[in-house]
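Data block for target_16.txt (compact mmCIF, C-alpha atoms):
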# COMPACT_ATOMS: atom_id res chain seq x y z
CA MET B 17 6.08 -13.62 134.32
CA THR B 18 5.67 -11.27 131.36
CA LEU B 19 5.07 -14.19 129.00
CA ILE B 20 2.74 -16.06 131.35
CA GLY B 21 0.66 -13.01 132.30
CA ASN B 22 0.13 -11.79 128.76
CA MET B 23 -0.55 -15.27 127.38
CA ALA B 24 -3.18 -15.72 130.10
CA THR B 25 -4.79 -12.41 129.12
CA ILE B 26 -4.88 -13.36 125.44
CA ALA B 27 -6.28 -16.81 126.29
CA ALA B 28 -9.05 -15.19 128.37
CA PHE B 29 -10.03 -12.96 125.45
CA LEU B 30 -10.12 -15.92 123.09
CA LYS B 31 -12.20 -18.01 125.48
CA VAL B 32 -14.61 -15.47 126.97
CA THR B 33 -16.87 -14.04 124.24
CA PRO B 34 -18.26 -11.03 126.23
CA LEU B 35 -14.73 -9.66 126.55
CA ARG B 36 -14.46 -9.42 122.77
CA GLN B 37 -17.88 -7.83 122.32
CA LYS B 38 -16.92 -4.49 123.86
CA PRO B 39 -14.77 -2.65 121.28
CA GLY B 40 -12.67 -0.87 123.91
CA ASN B 41 -11.45 -4.18 125.29
CA LEU B 42 -9.68 -4.86 121.99
CA LEU B 43 -7.16 -2.21 123.01
CA ILE B 44 -6.31 -4.23 126.12
CA LEU B 45 -5.85 -7.30 123.94
CA ASN B 46 -3.58 -5.31 121.65
CA LEU B 47 -1.50 -4.15 124.62
CA SER B 48 -1.09 -7.75 125.77
CA CYS B 49 0.10 -8.75 122.29
CA ALA B 50 2.69 -5.95 122.29
CA ASP B 51 3.93 -6.85 125.77
CA LEU B 52 4.10 -10.51 124.81
CA GLY B 53 6.18 -9.57 121.77
CA ILE B 54 8.63 -7.67 123.98
CA GLY B 55 8.98 -10.69 126.24
CA LEU B 56 9.61 -13.04 123.32
CA VAL B 57 12.25 -10.76 121.79
CA GLN B 58 14.14 -10.61 125.09
CA ILE B 59 14.67 -14.38 124.91
CA PHE B 60 17.07 -13.84 121.99
CA HIS B 61 19.26 -11.66 124.21
CA PHE B 62 19.96 -14.56 126.56
CA PRO B 63 23.21 -15.68 124.82
CA GLN B 64 24.54 -12.12 124.98
CA LEU B 65 23.69 -11.73 128.67
CA ALA B 66 24.76 -15.18 129.84
CA LEU B 67 27.56 -16.20 127.45
CA LYS B 68 28.79 -12.80 126.20
CA ILE B 69 28.29 -13.85 122.58
CA TRP B 70 25.88 -12.80 119.82
CA PRO B 71 25.21 -15.79 117.56
CA TYR B 72 22.82 -14.04 115.18
CA GLY B 73 25.25 -11.66 113.44
CA LYS B 74 24.67 -8.14 112.16
CA TYR B 75 21.40 -8.80 110.36
CA GLY B 76 20.04 -10.65 113.35
CA CYS B 77 20.88 -7.59 115.43
CA MET B 78 19.08 -5.35 112.96
CA LEU B 79 15.99 -7.58 113.08
CA ILE B 80 15.95 -7.70 116.89
CA ASN B 81 16.26 -3.91 117.12
CA PHE B 82 13.44 -3.52 114.61
CA LEU B 83 11.17 -5.79 116.68
CA ILE B 84 12.07 -4.04 119.92
CA ASN B 85 11.16 -0.65 118.42
CA LEU B 86 7.96 -2.12 116.99
CA PHE B 87 6.66 -3.69 120.21
CA ILE B 88 7.74 -0.91 122.57
CA SER B 89 6.17 1.85 120.47
CA ALA B 90 3.03 -0.23 119.88
CA GLY B 91 2.66 -0.86 123.61
CA LEU B 92 3.09 2.80 124.57
CA VAL B 93 0.72 4.15 121.91
CA THR B 94 -1.84 1.47 122.81
CA THR B 95 -1.67 2.70 126.40
CA VAL B 96 -2.40 6.21 125.07
CA ALA B 97 -5.44 4.83 123.22
CA ILE B 98 -6.64 3.06 126.37
CA SER B 99 -6.31 6.28 128.39
CA MET B 100 -8.30 8.15 125.75
CA ASP B 101 -10.93 5.40 125.71
CA ARG B 102 -11.37 5.59 129.52
CA PHE B 103 -11.74 9.37 129.32
CA LEU B 104 -14.37 9.17 126.58
CA LEU B 105 -16.27 6.51 128.52
CA LEU B 106 -16.49 8.82 131.51
CA SER B 107 -17.06 12.14 129.75
CA ARG B 108 -19.62 11.07 127.13
CA GLU B 109 -23.05 9.51 127.37
CA TYR B 110 -22.76 5.79 126.78
CA PRO B 111 -24.63 5.71 123.42
CA LYS B 112 -22.45 8.56 122.15
CA TYR B 113 -19.34 6.80 123.46
CA LEU B 114 -20.29 3.69 121.48
CA ARG B 115 -20.72 5.79 118.34
CA ILE B 116 -17.29 7.35 118.83
CA GLN B 117 -15.49 4.17 119.85
CA SER B 118 -17.10 1.80 117.38
CA ARG B 119 -15.50 -1.53 116.55
CA LYS B 120 -14.49 -0.29 113.11
CA ARG B 121 -12.79 2.78 114.55
CA ILE B 122 -11.02 0.75 117.24
CA MET B 123 -9.69 -1.63 114.57
CA CYS B 124 -8.45 1.36 112.56
CA ILE B 125 -6.70 2.72 115.66
CA ILE B 126 -5.03 -0.64 116.27
CA GLY B 127 -3.91 -0.82 112.65
CA GLY B 128 -2.49 2.69 112.86
CA ILE B 129 -0.62 1.80 116.04
CA TRP B 130 1.20 -1.08 114.37
CA LEU B 131 1.96 1.00 111.26
CA TYR B 132 3.45 3.64 113.56
CA GLY B 133 5.68 1.01 115.19
CA ILE B 134 6.73 -0.40 111.81
CA LEU B 135 7.66 3.12 110.64
CA LEU B 136 9.87 3.80 113.67
CA GLY B 137 11.56 0.42 113.39
CA THR B 138 12.15 0.83 109.67
CA ILE B 139 13.75 4.27 110.11
CA GLU B 140 16.27 2.93 112.61
CA THR B 141 16.99 -0.09 110.42
CA LEU B 142 17.68 2.10 107.37
CA LEU B 143 20.04 4.28 109.43
CA PHE B 144 21.82 1.29 110.97
CA ASP B 145 24.98 1.68 108.86
CA MET B 146 24.69 5.37 108.05
CA LEU B 147 25.05 6.60 111.62
CA ILE B 148 28.18 4.66 112.59
CA PRO B 149 30.71 7.32 113.70
CA PRO B 150 33.83 7.53 111.47
CA GLY B 151 36.62 5.25 112.62
CA LEU B 152 34.38 3.22 114.95
CA HIS B 153 33.32 0.47 112.57
CA ASP B 154 35.49 -2.00 114.47
CA TYR B 155 33.77 -0.96 117.73
CA TYR B 156 30.60 -2.74 116.69
CA ASP B 157 31.49 -6.45 116.86
CA PHE B 158 28.29 -8.28 116.00
CA SER B 159 29.79 -11.60 117.05
CA GLN B 160 30.06 -10.47 120.67
CA ASP B 161 27.05 -8.23 121.26
CA CYS B 162 24.22 -6.39 119.55
CA ARG B 163 24.49 -2.61 119.62
CA SER B 164 22.44 -0.29 117.48
CA PRO B 165 24.69 2.47 116.03
CA PRO B 166 21.81 4.97 115.61
CA ASN B 167 21.18 4.86 119.37
CA HIS B 168 24.73 6.15 119.93
CA ASN B 169 24.06 9.20 117.79
CA MET B 170 23.01 12.03 120.12
CA VAL B 171 20.60 13.74 117.71
CA PHE B 172 18.90 10.51 116.67
CA ALA B 173 18.68 9.28 120.26
CA LEU B 174 17.07 12.55 121.38
CA VAL B 175 14.51 12.56 118.56
CA LYS B 176 13.74 8.89 119.17
CA PHE B 177 13.22 9.51 122.88
CA ILE B 178 10.81 12.38 122.23
CA VAL B 179 8.79 10.57 119.57
CA GLU B 180 8.78 7.05 121.00
CA ILE B 181 8.84 7.62 124.77
CA PHE B 182 8.22 11.20 125.92
CA GLY B 183 5.35 11.99 123.53
CA PRO B 184 3.21 8.95 124.44
CA LEU B 185 3.93 9.37 128.16
CA LEU B 186 2.86 13.03 127.97
CA ALA B 187 -0.38 12.02 126.23
CA ILE B 188 -1.06 9.34 128.84
CA GLU B 189 -0.52 11.85 131.64
CA SER B 190 -2.82 14.38 129.94
CA PHE B 191 -5.68 11.92 129.54
CA SER B 192 -5.20 10.68 133.11
CA ILE B 193 -5.47 14.23 134.48
CA ALA B 194 -8.53 14.91 132.31
CA PHE B 195 -10.11 11.66 133.54
CA PHE B 196 -9.45 12.60 137.17
CA VAL B 197 -10.90 16.09 136.72
CA GLN B 198 -14.01 14.69 135.05
CA LEU B 199 -14.43 12.11 137.80
CA ILE B 200 -14.17 14.75 140.55
CA ARG B 201 -16.73 16.87 138.71
CA LYS B 202 -19.23 14.03 138.54
CA LEU B 203 -18.70 13.09 142.18
CA ARG B 204 -19.30 16.70 143.21
CA GLN B 205 -22.52 16.72 141.21
CA ARG B 206 -23.60 13.63 143.14
CA MET B 207 -22.90 15.38 146.42
CA VAL B 208 -25.01 18.36 145.35
CA HIS B 209 -27.85 16.16 144.08
CA PRO B 210 -27.72 12.96 146.15
CA ARG B 211 -29.93 10.21 144.79
CA SER B 212 -30.80 8.83 148.17
CA ASN B 213 -32.58 12.05 149.18
CA THR B 214 -34.52 12.10 145.92
CA SER B 215 -35.53 8.50 146.34
CA MET B 216 -36.63 9.05 149.95
CA ALA B 217 -38.69 12.08 149.01
CA SER B 218 -40.34 10.15 146.22
CA GLN B 219 -41.19 7.26 148.52
CA ASN B 220 -42.64 9.64 151.15
CA ALA B 221 -44.73 11.37 148.52
CA ASN B 222 -46.04 8.06 147.09
CA PRO B 223 -46.12 5.57 149.97
CA SER B 224 -48.84 3.43 148.39
CA SER B 225 -47.07 2.94 145.07
CA SER B 226 -43.79 2.24 146.88
CA SER B 227 -45.28 -0.44 149.09
CA SER B 228 -47.21 -2.07 146.25
CA ALA B 229 -44.06 -2.39 144.16
CA ALA B 230 -42.06 -4.02 146.95
CA GLY B 231 -40.53 -7.42 146.26
CA PRO B 232 -40.71 -10.55 148.41
CA SER B 233 -37.91 -9.28 150.66
CA GLY B 234 -39.83 -6.11 151.43
CA SER B 235 -37.52 -3.92 149.36
CA SER B 236 -39.01 -1.12 147.36
CA SER B 237 -38.95 -1.45 143.58
CA VAL B 238 -37.93 2.12 142.94
CA LEU B 239 -35.56 2.91 140.10
CA MET B 240 -33.21 5.86 140.00
CA ALA B 241 -32.46 7.45 136.63
CA HIS B 242 -31.08 10.92 135.93
CA GLY B 243 -31.54 11.88 139.58
CA ALA B 244 -35.26 10.98 139.73
CA ALA B 245 -37.06 7.95 141.12
CA ILE B 246 -39.18 6.06 138.61
CA PRO B 247 -40.88 2.64 138.79
CA ARG B 248 -38.72 -0.31 137.87
CA PRO B 249 -39.41 -1.52 134.33
CA ASP B 250 -39.45 -5.19 135.36
CA ALA B 251 -41.52 -6.93 137.98
CA ASP B 252 -39.34 -10.00 138.42
CA PRO B 253 -38.84 -10.52 142.18
CA ASN B 254 -36.04 -13.03 141.61
CA LYS B 255 -33.93 -10.36 139.91
CA ALA B 256 -34.47 -8.09 142.89
CA LEU B 257 -33.23 -10.83 145.21
CA GLN B 258 -30.15 -11.39 143.04
CA GLU B 259 -29.28 -7.68 143.01
CA GLY B 260 -29.74 -7.33 146.78
CA SER B 261 -32.39 -6.18 149.18
CA HIS B 262 -31.67 -2.45 148.89
CA SER B 263 -34.51 0.02 148.82
CA THR B 264 -33.15 2.02 145.91
CA TRP B 265 -32.15 0.88 142.45
CA CYS B 266 -30.20 2.50 139.67
CA TYR B 267 -30.72 2.09 135.97
CA CYS B 268 -27.76 2.20 133.58
CA ILE B 269 -28.71 4.00 130.37
CA GLY B 270 -25.77 2.33 128.66
CA CYS B 271 -26.57 -1.38 129.04
CA GLN B 272 -30.08 -1.16 130.59
CA HIS B 273 -28.85 -2.94 133.70
CA LEU B 274 -30.38 -2.61 137.17
CA TYR B 275 -28.02 -2.26 140.10
CA THR B 276 -28.19 -1.00 143.63
CA ALA B 277 -27.86 2.72 144.23
CA ILE B 278 -25.03 2.15 146.68
CA CYS B 279 -22.84 1.55 143.63
CA ILE B 280 -21.49 4.59 141.81
CA VAL B 281 -20.42 2.61 138.74
CA CYS B 282 -22.62 0.16 136.84
CA SER B 283 -21.62 -3.37 137.79
CA ARG B 284 -22.06 -4.64 134.23
CA CYS B 285 -20.53 -2.12 131.81
CA HIS B 286 -18.61 -0.08 134.42
CA LEU B 287 -20.22 3.14 133.21
CA LEU B 288 -20.42 5.87 135.80
CA SER B 289 -24.14 6.16 136.53
CA PRO B 290 -25.70 9.42 135.28
CA VAL B 291 -26.33 12.34 137.58

Now, as a test, write the supplied structure out as structure tokens.
Amino acid sequence: MTLIGNMATIAAFLKVTPLRQKPGNLLILNLSCADLGIGLVQIFHFPQLALKIWPYGKYGCMLINFLINLFISAGLVTTVAISMDRFLLLSREYPKYLRIQSRKRIMCIIGGIWLYGILLGTIETLLFDMLIPPGLHDYYDFSQDCRSPPNHNMVFALVKFIVEIFGPLLAIESFSIAFFVQLIRKLRQRMVHPRSNTSMASQNANPSSSSSAAGPSGSSSVLMAHGAAIPRPDADPNKALQEGSHSTWCYCIGCQHLYTAICIVCSRCHLLSPV
């Protein structure tokens, strides 16, 4: 399932052009590549699990451990980058978010993620022979199984856990909490300044302009932006029918997309509509 799911995700990115146009989505593609790598590496452990043999020898074991460290660390740090990206998307205005998370910067982040994984894997590979406890060289039989000696060293295992696992998980949790707090803050602002009341007051104050801007379905062509009702910038009745026959419309300042006010998040770019 790991292989099929991640290959399907990568195929969707390669086939659907709009998915590749948003820089933040490249992080999701990178995460799928890391997860796919983990799934492929696990295939080489099948002889050890099923037949109790390790046909690849010591250097094959070193290579497999290097790849496991590479893909696991890359996947975790990519998840940190995705959490940060979601937080920035919610906490910044969309134009500013695009300046911060530009395609060039996202590509630099992805490159740094893989360099970080290569560094961790290289350190364990260089310490492969150095951290074998005295008198236990015969314990590691690389014809029967693949065991990494550094992982049996308490100090190295603790440092590796903090750097490779605990640190990224702590960062993910921090960004998730910050995202949740920011979301609650925006929802509370919406409760204090509901758009529907503003739109209704505007329509009552200008009944003639509201009725004259109505589409073929009788819906008012009123646009909500920054908590105020303004006339819709387009006069295409077909677009109104496609969006729905609601009396209030919202305008996304990020992608200039019209959507019904019943939605909190823009249906095109998934940006939380401004308050």

Query - Spatial neighbours of range 128-139 of chain B, 7 Å, all atoms listed in the file, chain gap at least 2 places, as an NGL selection string - result: :B and (82 or 85-87 or 89-90 or 93-94 or 124-126 or 141-143)

Report task. Quick one: pull the distance between CA of Gln205 in chain B and CA of Gly40 in chain B, Å, one decimal. Result -> 26.6 Å

Query - Close residues, range 177-188 of chain B itself excluded, 7 Å, all atoms listed in the file, min 4 positions apart in chain, as a ChimeraX atom specification - result: /B:89,92-93,96,99,173,192

Requested in this report: Mind giving me the straight-line distance from CA of Ala194 in chain B to CA of Ser107 in chain B in Å, one decimal?
Outcome: 9.3 Å

Query raised in the report: Between CA of Pro166 in chain B and CA of Ile148 in chain B, what is the distance, to one decimal in Å?
Result: 7.1 Å

**Report entry** Contacts of Ser159 in chain B at 12 Å (all atoms listed in the file; same-chain gap of 2+ positions) as JSON, numbers by chain
**Finding:** {"B": [63, 64, 67, 68, 69, 70, 71, 72, 73, 74, 75, 76, 77, 154, 155, 156, 157, 161, 162, 163]}

Query raised in the report: Using all atoms listed in the file, which residues sit within 9 Å of Leu147 in chain B once same-chain residues fewer than 6 positions away are excluded, as a list in words?
Result: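 Neighbouring residues, sequence-local ones excluded: Pro165, Pro166, Asn167, His168, Asn169 and Phe172 of chain B.
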
**Report entry** Counting all atoms listed in the file, the option among B:Met78, B:Leu43, B:Leu30, B:Ile54 closest to Met100 in chain B
**Finding:**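 Looking only at the distances to Met100 in chain B, the closest residue turns out to be B:Leu43.
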
**Report entry** Neighbour list for range 114-117 of chain B as a PyMOL selection string, cut-off 8 Å, only C-alpha atoms, skip fewer than 5 positions in-chain
**Finding:** chain B and resi 39-40+101+122

Query raised in the report: With all atoms listed in the file as the atoms that count, which of B:Ala50, B:Asp145, B:Lys38, B:Gln198 lies nearest to Ile26 in chain B?
Result: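 Closest to Ile26 in chain B, using all atoms listed in the file: B:Ala50.
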
Report task. May I ask which of the residues B:Val208, B:Leu56, B:Leu106, B:Cys49 is the closest one to Phe195 in chain B, counting all atoms listed in the file? Result ->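 Result for the nearest residue to Phe195 in chain B: B:Leu106.
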
How big is the axis-aligned box around all listed atoms of range 42-57 of chain B once 6 Å goes on each side, and where's its centre, in Å to one decimal, as JSON?
{"center_x": 1.3, "center_y": -7.6, "center_z": 123.9, "size_x": 33.9, "size_y": 22.8, "size_z": 16.6}

Query raised in the report: Counting only C-alpha atoms, which of B:Ile88, B:Phe60, B:Gly55, B:Phe103 gets nearest to Val197 in chain B?
Result: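 Among B:Ile88, B:Phe60, B:Gly55, B:Phe103, it is B:Phe103 that comes nearest to Val197 in chain B.
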
Report task. Choose the residue, out of B:Arg36, B:Arg201, B:Ile59, B:Thr95, that has the smallest atom-to-atom separation from Glu189 in chain B; count all atoms listed in the file. Result -> B:Thr95

All heavy atoms of range 102-116 of chain B, written as a PDB file, in the first residue's frame:
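File out_14.pdb, as written:
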ATOM      1  N   ARG B 102       1.746  25.434   6.055  1.00  0.00           N
ATOM      2  CA  ARG B 102       0.324  25.613   6.390  1.00  0.00           C
ATOM      3  C   ARG B 102       0.136  26.777   7.358  1.00  0.00           C
ATOM      4  O   ARG B 102      -0.827  27.538   7.228  1.00  0.00           O
ATOM      5  CB  ARG B 102      -0.230  24.335   7.011  1.00  0.00           C
ATOM      6  CG  ARG B 102      -0.222  23.107   6.125  1.00  0.00           C
ATOM      7  CD  ARG B 102      -1.001  23.277   4.866  1.00  0.00           C
ATOM      8  NE  ARG B 102      -0.148  23.764   3.769  1.00  0.00           N
ATOM      9  CZ  ARG B 102      -0.589  24.086   2.573  1.00  0.00           C
ATOM     10  NH1 ARG B 102      -1.880  24.035   2.319  1.00  0.00           N
ATOM     11  NH2 ARG B 102       0.236  24.488   1.629  1.00  0.00           N
ATOM     12  N   PHE B 103       1.051  26.911   8.321  1.00  0.00           N
ATOM     13  CA  PHE B 103       0.944  28.003   9.281  1.00  0.00           C
ATOM     14  C   PHE B 103       1.130  29.356   8.588  1.00  0.00           C
ATOM     15  O   PHE B 103       0.387  30.306   8.851  1.00  0.00           O
ATOM     16  CB  PHE B 103       1.973  27.833  10.388  1.00  0.00           C
ATOM     17  CG  PHE B 103       2.096  29.028  11.295  1.00  0.00           C
ATOM     18  CD1 PHE B 103       1.098  29.336  12.204  1.00  0.00           C
ATOM     19  CD2 PHE B 103       3.204  29.864  11.214  1.00  0.00           C
ATOM     20  CE1 PHE B 103       1.204  30.438  13.032  1.00  0.00           C
ATOM     21  CE2 PHE B 103       3.314  30.970  12.028  1.00  0.00           C
ATOM     22  CZ  PHE B 103       2.315  31.256  12.941  1.00  0.00           C
ATOM     23  N   LEU B 104       2.115  29.453   7.704  1.00  0.00           N
ATOM     24  CA  LEU B 104       2.339  30.706   6.993  1.00  0.00           C
ATOM     25  C   LEU B 104       1.162  31.047   6.091  1.00  0.00           C
ATOM     26  O   LEU B 104       0.795  32.222   5.943  1.00  0.00           O
ATOM     27  CB  LEU B 104       3.627  30.607   6.168  1.00  0.00           C
ATOM     28  CG  LEU B 104       4.940  30.542   6.953  1.00  0.00           C
ATOM     29  CD1 LEU B 104       6.112  30.309   6.016  1.00  0.00           C
ATOM     30  CD2 LEU B 104       5.149  31.819   7.756  1.00  0.00           C
ATOM     31  N   LEU B 105       0.558  30.043   5.473  1.00  0.00           N
ATOM     32  CA  LEU B 105      -0.591  30.281   4.605  1.00  0.00           C
ATOM     33  C   LEU B 105      -1.760  30.864   5.384  1.00  0.00           C
ATOM     34  O   LEU B 105      -2.504  31.702   4.869  1.00  0.00           O
ATOM     35  CB  LEU B 105      -1.001  28.968   3.933  1.00  0.00           C
ATOM     36  CG  LEU B 105      -2.204  29.019   2.980  1.00  0.00           C
ATOM     37  CD1 LEU B 105      -1.936  29.972   1.823  1.00  0.00           C
ATOM     38  CD2 LEU B 105      -2.540  27.634   2.471  1.00  0.00           C
ATOM     39  N   LEU B 106      -1.910  30.441   6.621  1.00  0.00           N
ATOM     40  CA  LEU B 106      -3.021  30.927   7.439  1.00  0.00           C
ATOM     41  C   LEU B 106      -2.712  32.261   8.100  1.00  0.00           C
ATOM     42  O   LEU B 106      -3.594  33.109   8.234  1.00  0.00           O
ATOM     43  CB  LEU B 106      -3.362  29.882   8.510  1.00  0.00           C
ATOM     44  CG  LEU B 106      -4.528  30.209   9.450  1.00  0.00           C
ATOM     45  CD1 LEU B 106      -5.836  30.295   8.664  1.00  0.00           C
ATOM     46  CD2 LEU B 106      -4.630  29.170  10.544  1.00  0.00           C
ATOM     47  N   SER B 107      -1.479  32.472   8.509  1.00  0.00           N
ATOM     48  CA  SER B 107      -1.143  33.646   9.315  1.00  0.00           C
ATOM     49  C   SER B 107      -0.701  34.855   8.501  1.00  0.00           C
ATOM     50  O   SER B 107      -0.600  35.949   9.035  1.00  0.00           O
ATOM     51  CB  SER B 107      -0.026  33.283  10.310  1.00  0.00           C
ATOM     52  OG  SER B 107       1.153  32.873   9.627  1.00  0.00           O
ATOM     53  N   ARG B 108      -0.421  34.689   7.231  1.00  0.00           N
ATOM     54  CA  ARG B 108       0.036  35.790   6.391  1.00  0.00           C
ATOM     55  C   ARG B 108      -0.984  36.075   5.298  1.00  0.00           C
ATOM     56  O   ARG B 108      -1.722  35.189   4.879  1.00  0.00           O
ATOM     57  CB  ARG B 108       1.389  35.478   5.736  1.00  0.00           C
ATOM     58  CG  ARG B 108       2.508  35.169   6.719  1.00  0.00           C
ATOM     59  CD  ARG B 108       2.899  36.394   7.527  1.00  0.00           C
ATOM     60  NE  ARG B 108       4.107  36.142   8.315  1.00  0.00           N
ATOM     61  CZ  ARG B 108       4.122  35.598   9.517  1.00  0.00           C
ATOM     62  NH1 ARG B 108       2.975  35.232  10.094  1.00  0.00           N
ATOM     63  NH2 ARG B 108       5.254  35.407  10.175  1.00  0.00           N
ATOM     64  N   GLU B 109      -1.002  37.309   4.827  1.00  0.00           N
ATOM     65  CA  GLU B 109      -1.795  37.619   3.645  1.00  0.00           C
ATOM     66  C   GLU B 109      -1.241  36.827   2.465  1.00  0.00           C
ATOM     67  O   GLU B 109      -0.036  36.578   2.374  1.00  0.00           O
ATOM     68  CB  GLU B 109      -1.748  39.117   3.348  1.00  0.00           C
ATOM     69  CG  GLU B 109      -2.377  39.992   4.416  1.00  0.00           C
ATOM     70  CD  GLU B 109      -3.883  39.823   4.494  1.00  0.00           C
ATOM     71  OE1 GLU B 109      -4.477  39.398   3.478  1.00  0.00           O
ATOM     72  OE2 GLU B 109      -4.468  40.105   5.556  1.00  0.00           O
ATOM     73  N   TYR B 110      -2.134  36.437   1.561  1.00  0.00           N
ATOM     74  CA  TYR B 110      -1.725  35.526   0.499  1.00  0.00           C
ATOM     75  C   TYR B 110      -0.593  36.074  -0.365  1.00  0.00           C
ATOM     76  O   TYR B 110       0.353  35.340  -0.680  1.00  0.00           O
ATOM     77  CB  TYR B 110      -2.929  35.164  -0.374  1.00  0.00           C
ATOM     78  CG  TYR B 110      -2.676  33.975  -1.264  1.00  0.00           C
ATOM     79  CD1 TYR B 110      -2.522  32.703  -0.717  1.00  0.00           C
ATOM     80  CD2 TYR B 110      -2.590  34.117  -2.643  1.00  0.00           C
ATOM     81  CE1 TYR B 110      -2.291  31.605  -1.519  1.00  0.00           C
ATOM     82  CE2 TYR B 110      -2.359  33.016  -3.452  1.00  0.00           C
ATOM     83  CZ  TYR B 110      -2.208  31.770  -2.888  1.00  0.00           C
ATOM     84  OH  TYR B 110      -1.975  30.684  -3.683  1.00  0.00           O
ATOM     85  N   PRO B 111      -0.605  37.337  -0.772  1.00  0.00           N
ATOM     86  CA  PRO B 111       0.544  37.852  -1.547  1.00  0.00           C
ATOM     87  C   PRO B 111       1.856  37.780  -0.775  1.00  0.00           C
ATOM     88  O   PRO B 111       2.903  37.442  -1.329  1.00  0.00           O
ATOM     89  CB  PRO B 111       0.144  39.300  -1.851  1.00  0.00           C
ATOM     90  CG  PRO B 111      -1.337  39.306  -1.784  1.00  0.00           C
ATOM     91  CD  PRO B 111      -1.692  38.341  -0.699  1.00  0.00           C
ATOM     92  N   LYS B 112       1.793  38.077   0.543  1.00  0.00           N
ATOM     93  CA  LYS B 112       3.009  37.991   1.355  1.00  0.00           C
ATOM     94  C   LYS B 112       3.447  36.542   1.516  1.00  0.00           C
ATOM     95  O   LYS B 112       4.649  36.227   1.513  1.00  0.00           O
ATOM     96  CB  LYS B 112       2.761  38.628   2.723  1.00  0.00           C
ATOM     97  CG  LYS B 112       4.013  38.712   3.587  1.00  0.00           C
ATOM     98  CD  LYS B 112       3.744  39.448   4.892  1.00  0.00           C
ATOM     99  CE  LYS B 112       5.022  39.540   5.729  1.00  0.00           C
ATOM    100  NZ  LYS B 112       4.779  40.261   7.013  1.00  0.00           N
ATOM    101  N   TYR B 113       2.469  35.643   1.658  1.00  0.00           N
ATOM    102  CA  TYR B 113       2.795  34.212   1.745  1.00  0.00           C
ATOM    103  C   TYR B 113       3.528  33.744   0.493  1.00  0.00           C
ATOM    104  O   TYR B 113       4.507  32.999   0.572  1.00  0.00           O
ATOM    105  CB  TYR B 113       1.511  33.413   1.946  1.00  0.00           C
ATOM    106  CG  TYR B 113       1.645  31.947   1.590  1.00  0.00           C
ATOM    107  CD1 TYR B 113       2.248  31.046   2.463  1.00  0.00           C
ATOM    108  CD2 TYR B 113       1.177  31.466   0.376  1.00  0.00           C
ATOM    109  CE1 TYR B 113       2.379  29.707   2.135  1.00  0.00           C
ATOM    110  CE2 TYR B 113       1.306  30.129   0.035  1.00  0.00           C
ATOM    111  CZ  TYR B 113       1.904  29.253   0.914  1.00  0.00           C
ATOM    112  OH  TYR B 113       2.040  27.934   0.574  1.00  0.00           O
ATOM    113  N   LEU B 114       3.069  34.203  -0.675  1.00  0.00           N
ATOM    114  CA  LEU B 114       3.721  33.801  -1.924  1.00  0.00           C
ATOM    115  C   LEU B 114       5.130  34.362  -2.031  1.00  0.00           C
ATOM    116  O   LEU B 114       6.010  33.723  -2.612  1.00  0.00           O
ATOM    117  CB  LEU B 114       2.885  34.266  -3.123  1.00  0.00           C
ATOM    118  CG  LEU B 114       1.545  33.544  -3.335  1.00  0.00           C
ATOM    119  CD1 LEU B 114       0.810  34.139  -4.520  1.00  0.00           C
ATOM    120  CD2 LEU B 114       1.753  32.054  -3.532  1.00  0.00           C
ATOM    121  N   ARG B 115       5.358  35.542  -1.453  1.00  0.00           N
ATOM    122  CA  ARG B 115       6.713  36.097  -1.453  1.00  0.00           C
ATOM    123  C   ARG B 115       7.626  35.286  -0.533  1.00  0.00           C
ATOM    124  O   ARG B 115       8.804  35.072  -0.840  1.00  0.00           O
ATOM    125  CB  ARG B 115       6.682  37.567  -1.032  1.00  0.00           C
ATOM    126  CG  ARG B 115       6.067  38.498  -2.062  1.00  0.00           C
ATOM    127  CD  ARG B 115       6.399  39.946  -1.746  1.00  0.00           C
ATOM    128  NE  ARG B 115       5.894  40.350  -0.432  1.00  0.00           N
ATOM    129  CZ  ARG B 115       4.688  40.886  -0.240  1.00  0.00           C
ATOM    130  NH1 ARG B 115       3.880  41.074  -1.265  1.00  0.00           N
ATOM    131  NH2 ARG B 115       4.298  41.234   0.987  1.00  0.00           N
ATOM    132  N   ILE B 116       7.080  34.860   0.608  1.00  0.00           N
ATOM    133  CA  ILE B 116       7.886  34.080   1.543  1.00  0.00           C
ATOM    134  C   ILE B 116       8.149  32.685   0.999  1.00  0.00           C
ATOM    135  O   ILE B 116       9.284  32.206   0.972  1.00  0.00           O
ATOM    136  CB  ILE B 116       7.183  34.000   2.912  1.00  0.00           C
ATOM    137  CG1 ILE B 116       7.051  35.393   3.529  1.00  0.00           C
ATOM    138  CG2 ILE B 116       7.942  33.073   3.855  1.00  0.00           C
ATOM    139  CD1 ILE B 116       6.243  35.410   4.815  1.00  0.00           C
TER     140      ILE B 116
END
